[in-house]
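See structure below.
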Amino acid sequence: MGAIRKAVFLAMLMMIGGLAGCFGADEDENTGEIVAVFTYSPATNIRAGQTIDFDARDSLPSGVALTYKWDFDGDQSIDATGRNADWTYPEVGEYTVELIVSDGSKSQSTSKTLTIVDATALPPDAEITSYSTEEDCLGEDVDEGSYIHVWACDLDKSKADRTAGADVTVELDAGDSSSGSSDDYISTYHWDLDLEFDADGDGDPANDNDLEGETVEWKDLKPGEYEIGLTVTNGKGLTDSDDIKLYVSYAASWLDFEMGGNNSGEPVELDFDFTVNYDQDMGNTIRKVVGELTYPKIDEDCTDITPGEGNNCRAKLDLHAFNDEDEEATNTSNTAVDQRDDGDCNSDDYDCVHLTLSSYLFTDSESESTYGDGEWTIKIRNNRVNDLQVESLVIRLVYK
């Protein structure tokens with residue numbers, strides 16, 4: 001019986017220890033790090049005598065009883081308590097607001113500086129100048145609108161460099177902005193080059209100062225779609241913001257190069273690579289990719305013409321598109337040789353084939369007909385025996 005009682009006693013100890021572990025886990029979940037966070041409204045252009053609403057609801061940990069103490073004038077005394085509070089500054093100036101959050105045993109504080117402006121001051125007007133490149137890389141007119149659309153042209157590329165894509169510089173102009181009144185001026189121009197990314201970590205992704213100046217150059221910009229913002233501040237300390245869509249479309253061309261013939265039973269291929277952006281959440285979505293191939297119907301060096309047996313010199317080149325997993329999305333192989341005279345081709349001497357990849361192909365959906373974005377390849381494929389001197393290949397990445 002003694003051995004039995006001892007076994008029961010040990011089992012009870014183990015059960016109590018396990019329960020103590022559970023209780024400890026719950027307690028740890030309720031005693032996380034204290035983080036003081038607050039917002040206020042209005043967030044800009046706060047005037048003397050205006051009521052400001054302060055909100056600390058985002059402080060951590062959530063679900064725990066916290067106390068909130070506010071010092072609105074930087075004098076180290078408590079002006080208000082509670083998760084929400086309001087305050088009014090009667091005089092113009094800069095004021096430091098401090099929030100102290102506590103769970104009864106630990107506390108943490110954070111502070112922000114508010115600028116209070118004269119009640120009669122007029123705000124500025126921020127305006128980003130919209131414009132478009134006059135022509136695209138094929139000489140066609142480019143539409144204008146309330147956006148910026150720039151075409152980057154990388155023409156007559158070397159056959160050794162078969163990658164379509166380049167870094168470009170885009171000019172951003174805020175010269176149409178105004179200070180608000182004739183006796184005022186704009187003191188700062190701040191450009192935020194990514195309205196989705198909080199570069200300065202202040203909780204607001206749309207107020208980063210990535211570039212500064214009335215007219216600035218955004219360098220090393222790749223083909224794609226971007227949303228940028230401008231914030232101007234006048235001499236009275238009031239601000240205004242504007243944002244705009246920026247599109248960088250791109251075209252690359254390769255001229256007068258040789259395409260080998262199929263002499264081994266395998267088609268001869270040349271790969272041309274490019275990068276596609278399709279991110280719906282970031283608002284960076286390509287509209288289409290177009291490959292345009294022009295080549296002579298008969299190579300001038302070909303003499304393989306046999307009476308009664310037809311013309312073995314008749315060329316047929318095709319474009320094939322593959323995603324980064326080497327899945328083929330589409331090709332031009334079903335276009336018959338007598339249907340290759342679209343575009344500006346001289347139908348007596350040249351063939352033209354166009355391969356258009358719509359934006360739908362680049363979406364990352366569950367559909368078997370979509371292929372995702374990223375690294376893509378267009379291949380020129382020659383199944384014929386005879387080699388050929390190609391007139392041109394153009395790849396266009398169209399974002400607007």
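Order determines the names: the first chain of the structure tokens is A, the second B, and so forth; residues in each chain are numbered 1 upward, and ligands are numbered 1 upward as they are shown.
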Gly229 (chain A): which residues within 8 Å, counting only C-alpha atoms, same-chain residues fewer than 6 positions away excluded, as a list in words?
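Contacts, in chain order: Trp191, Asp192, Leu193, Asp194, Leu195, Ala206, Asn207, Ser241, Asp242, Asp243 and Ile244 of chain A.
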Deliver the residues from the most recent selection as a file, using N, CA and C atoms, as an mmCIF file, in the first residue's frame.
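Result written to again-v8.cif:
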```
data_model
loop_
_atom_site.group_PDB
_atom_site.id
_atom_site.type_symbol
_atom_site.label_atom_id
_atom_site.label_comp_id
_atom_site.auth_asym_id
_atom_site.auth_seq_id
_atom_site.Cartn_x
_atom_site.Cartn_y
_atom_site.Cartn_z
ATOM 1 N N TRP A 191 9.531 64.869 -51.606
ATOM 2 C CA TRP A 191 9.004 63.854 -52.522
ATOM 3 C C TRP A 191 9.068 62.485 -51.848
ATOM 4 N N ASP A 192 7.929 61.793 -51.851
ATOM 5 C CA ASP A 192 7.857 60.418 -51.361
ATOM 6 C C ASP A 192 7.723 59.512 -52.585
ATOM 7 N N LEU A 193 8.731 58.673 -52.832
ATOM 8 C CA LEU A 193 8.794 57.896 -54.061
ATOM 9 C C LEU A 193 8.101 56.537 -53.959
ATOM 10 N N ASP A 194 7.541 56.216 -52.816
ATOM 11 C CA ASP A 194 6.806 54.956 -52.653
ATOM 12 C C ASP A 194 5.774 55.149 -51.555
ATOM 13 N N LEU A 195 4.525 55.357 -51.964
ATOM 14 C CA LEU A 195 3.472 55.662 -51.001
ATOM 15 C C LEU A 195 3.005 54.431 -50.224
ATOM 16 N N ALA A 206 3.111 57.646 -46.377
ATOM 17 C CA ALA A 206 2.941 58.667 -47.408
ATOM 18 C C ALA A 206 3.597 59.995 -47.053
ATOM 19 N N ASN A 207 4.567 59.989 -46.132
ATOM 20 C CA ASN A 207 5.185 61.272 -45.763
ATOM 21 C C ASN A 207 6.710 61.196 -45.720
ATOM 22 N N SER A 241 -0.478 68.289 -49.861
ATOM 23 C CA SER A 241 0.108 67.135 -50.538
ATOM 24 C C SER A 241 -0.611 66.845 -51.846
ATOM 25 N N ASP A 242 0.129 66.225 -52.757
ATOM 26 C CA ASP A 242 -0.413 65.780 -54.036
ATOM 27 C C ASP A 242 0.246 64.452 -54.368
ATOM 28 N N ASP A 243 -0.447 63.621 -55.145
ATOM 29 C CA ASP A 243 0.164 62.372 -55.594
ATOM 30 C C ASP A 243 -0.173 62.147 -57.056
ATOM 31 N N ILE A 244 0.592 61.261 -57.708
ATOM 32 C CA ILE A 244 0.442 61.048 -59.137
ATOM 33 C C ILE A 244 0.956 59.661 -59.487
#
```
Find the spatial neighbours of Asn334 (chain A), counting only C-alpha atoms, within a cut-off of 12 Å - ignore same-chain residues fewer than 3 positions away - and output them as a PDB file with N, CA and C atoms, in the first residue's frame.
```pdb
ATOM      1  N   LYS A 316      10.600  30.767 -92.231  1.00  0.00           N
ATOM      2  CA  LYS A 316       9.513  30.844 -91.256  1.00  0.00           C
ATOM      3  C   LYS A 316      10.138  30.841 -89.863  1.00  0.00           C
ATOM      4  N   LEU A 317      10.205  32.017 -89.247  1.00  0.00           N
ATOM      5  CA  LEU A 317      10.679  32.156 -87.878  1.00  0.00           C
ATOM      6  C   LEU A 317       9.493  32.396 -86.960  1.00  0.00           C
ATOM      7  N   ASP A 318       9.608  31.924 -85.713  1.00  0.00           N
ATOM      8  CA  ASP A 318       8.513  32.097 -84.759  1.00  0.00           C
ATOM      9  C   ASP A 318       9.025  32.620 -83.424  1.00  0.00           C
ATOM     10  N   LEU A 319       8.109  33.276 -82.706  1.00  0.00           N
ATOM     11  CA  LEU A 319       8.371  33.758 -81.363  1.00  0.00           C
ATOM     12  C   LEU A 319       7.628  32.868 -80.370  1.00  0.00           C
ATOM     13  N   HIS A 320       8.339  32.485 -79.283  1.00  0.00           N
ATOM     14  CA  HIS A 320       7.761  31.674 -78.209  1.00  0.00           C
ATOM     15  C   HIS A 320       8.053  32.377 -76.894  1.00  0.00           C
ATOM     16  N   THR A 330       2.609  31.231 -74.861  1.00  0.00           N
ATOM     17  CA  THR A 330       2.025  31.407 -76.189  1.00  0.00           C
ATOM     18  C   THR A 330       3.133  31.472 -77.220  1.00  0.00           C
ATOM     19  N   ASN A 331       2.761  31.352 -78.492  1.00  0.00           N
ATOM     20  CA  ASN A 331       3.731  31.444 -79.585  1.00  0.00           C
ATOM     21  C   ASN A 331       3.022  31.825 -80.876  1.00  0.00           C
ATOM     22  N   VAL A 337       2.494  31.212 -93.234  1.00  0.00           N
ATOM     23  CA  VAL A 337       3.462  32.094 -93.900  1.00  0.00           C
ATOM     24  C   VAL A 337       2.775  33.142 -94.768  1.00  0.00           C
ATOM     25  N   ASP A 338       1.581  32.846 -95.268  1.00  0.00           N
ATOM     26  CA  ASP A 338       0.885  33.828 -96.098  1.00  0.00           C
ATOM     27  C   ASP A 338       0.092  34.838 -95.271  1.00  0.00           C
ATOM     28  N   GLN A 339       0.209  34.782 -93.947  1.00  0.00           N
ATOM     29  CA  GLN A 339      -0.492  35.719 -93.061  1.00  0.00           C
ATOM     30  C   GLN A 339       0.483  36.567 -92.246  1.00  0.00           C
ATOM     31  N   ARG A 340       1.735  36.637 -92.711  1.00  0.00           N
ATOM     32  CA  ARG A 340       2.770  37.327 -91.930  1.00  0.00           C
ATOM     33  C   ARG A 340       3.148  38.659 -92.585  1.00  0.00           C
ATOM     34  N   VAL A 353       5.875  38.961 -87.649  1.00  0.00           N
ATOM     35  CA  VAL A 353       5.000  38.297 -86.675  1.00  0.00           C
ATOM     36  C   VAL A 353       5.023  39.100 -85.386  1.00  0.00           C
ATOM     37  N   LEU A 355       3.842  38.999 -81.312  1.00  0.00           N
ATOM     38  CA  LEU A 355       3.427  38.172 -80.190  1.00  0.00           C
ATOM     39  C   LEU A 355       3.052  39.109 -79.041  1.00  0.00           C
TER      40      LEU A 355
END
```
Go through A:Glu135, A:Ser107, A:Arg396, A:Thr39 one by one, measure the shortest atom-to-atom distance of each to Asp58 (chain A) using only C-alpha atoms, and give the residue with the smallest value.
A:Thr39
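The two atoms in question, CA of Thr275 (chain A) and CA of Glu196 (chain A), are spaced 21.3 Å apart.
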Using only C-alpha atoms, pick whichever of A:Asp373, A:Asp198, A:Glu214, A:Asp154 has the shortest atom-to-atom distance to Tyr360 (chain A).
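Result for the nearest residue to Tyr360 (chain A): A:Asp373.
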Nearest to Lys288 (chain A) by atom-to-atom distance, counting only C-alpha atoms, from A:Thr81, A:Thr356, A:Thr163, A:Ser62
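Checking each candidate against Lys288 (chain A), we get A:Thr356 as the closest.
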Using DSSP secondary structure from the backbone, list all strand (DSSP E or B) positions within region 69-98 of chain A, as JSON, numbers by chain.
{"A": [69, 70, 71, 80, 81, 84, 85, 86, 87, 88, 93, 94, 95, 96, 97, 98]}
Nearest residue to Asp326 (chain A) out of A:Thr96, A:Thr377, A:Thr294, A:Asn234, using only C-alpha atoms?
A:Thr377
Calculate how many Å separate CA of Glu366 (chain A) from CA of Asp273 (chain A), rounding to one decimal.
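Distance between the two atoms: 24.8 Å.
Note that the spacing between CA of Pro123 (chain A) and CA of Ile52 (chain A) amounts to 18.1 Å.
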So that I can see what lies close to region 215-222 of chain A, please list as a PyMOL selection string the residues with an atom at most 10 Å from it, counting only C-alpha atoms and leaving out residues fewer than 5 positions away in the same chain.
chain A and resi 128+152+165-175+189+191+193+210+247-250+275
Taking only C-alpha atoms into account, which of A:Asp279, A:Glu225, A:Asp387, A:Glu91 comes nearest Cys302 (chain A)?
A:Asp387
Got a sec: who's within 8 Å of region 143-148 of chain A, counting only C-alpha atoms, leaving out chain neighbours fewer than 6 positions off, as a list in words?
Ser130, Tyr131, Ser132, Ile244, Lys245, Leu246 and Tyr247 of chain A
Got a sec: who's within 9 Å of Leu60 (chain A), counting only C-alpha atoms, leaving out chain neighbours fewer than 5 positions off, as an NGL selection string?
:A and (32-37 or 66 or 101)
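With distances restricted to only C-alpha atoms, A:Asn284 is the closest residue to Pro223 (chain A) from A:Ser41, A:Asn263, A:Ser181, A:Asn284.
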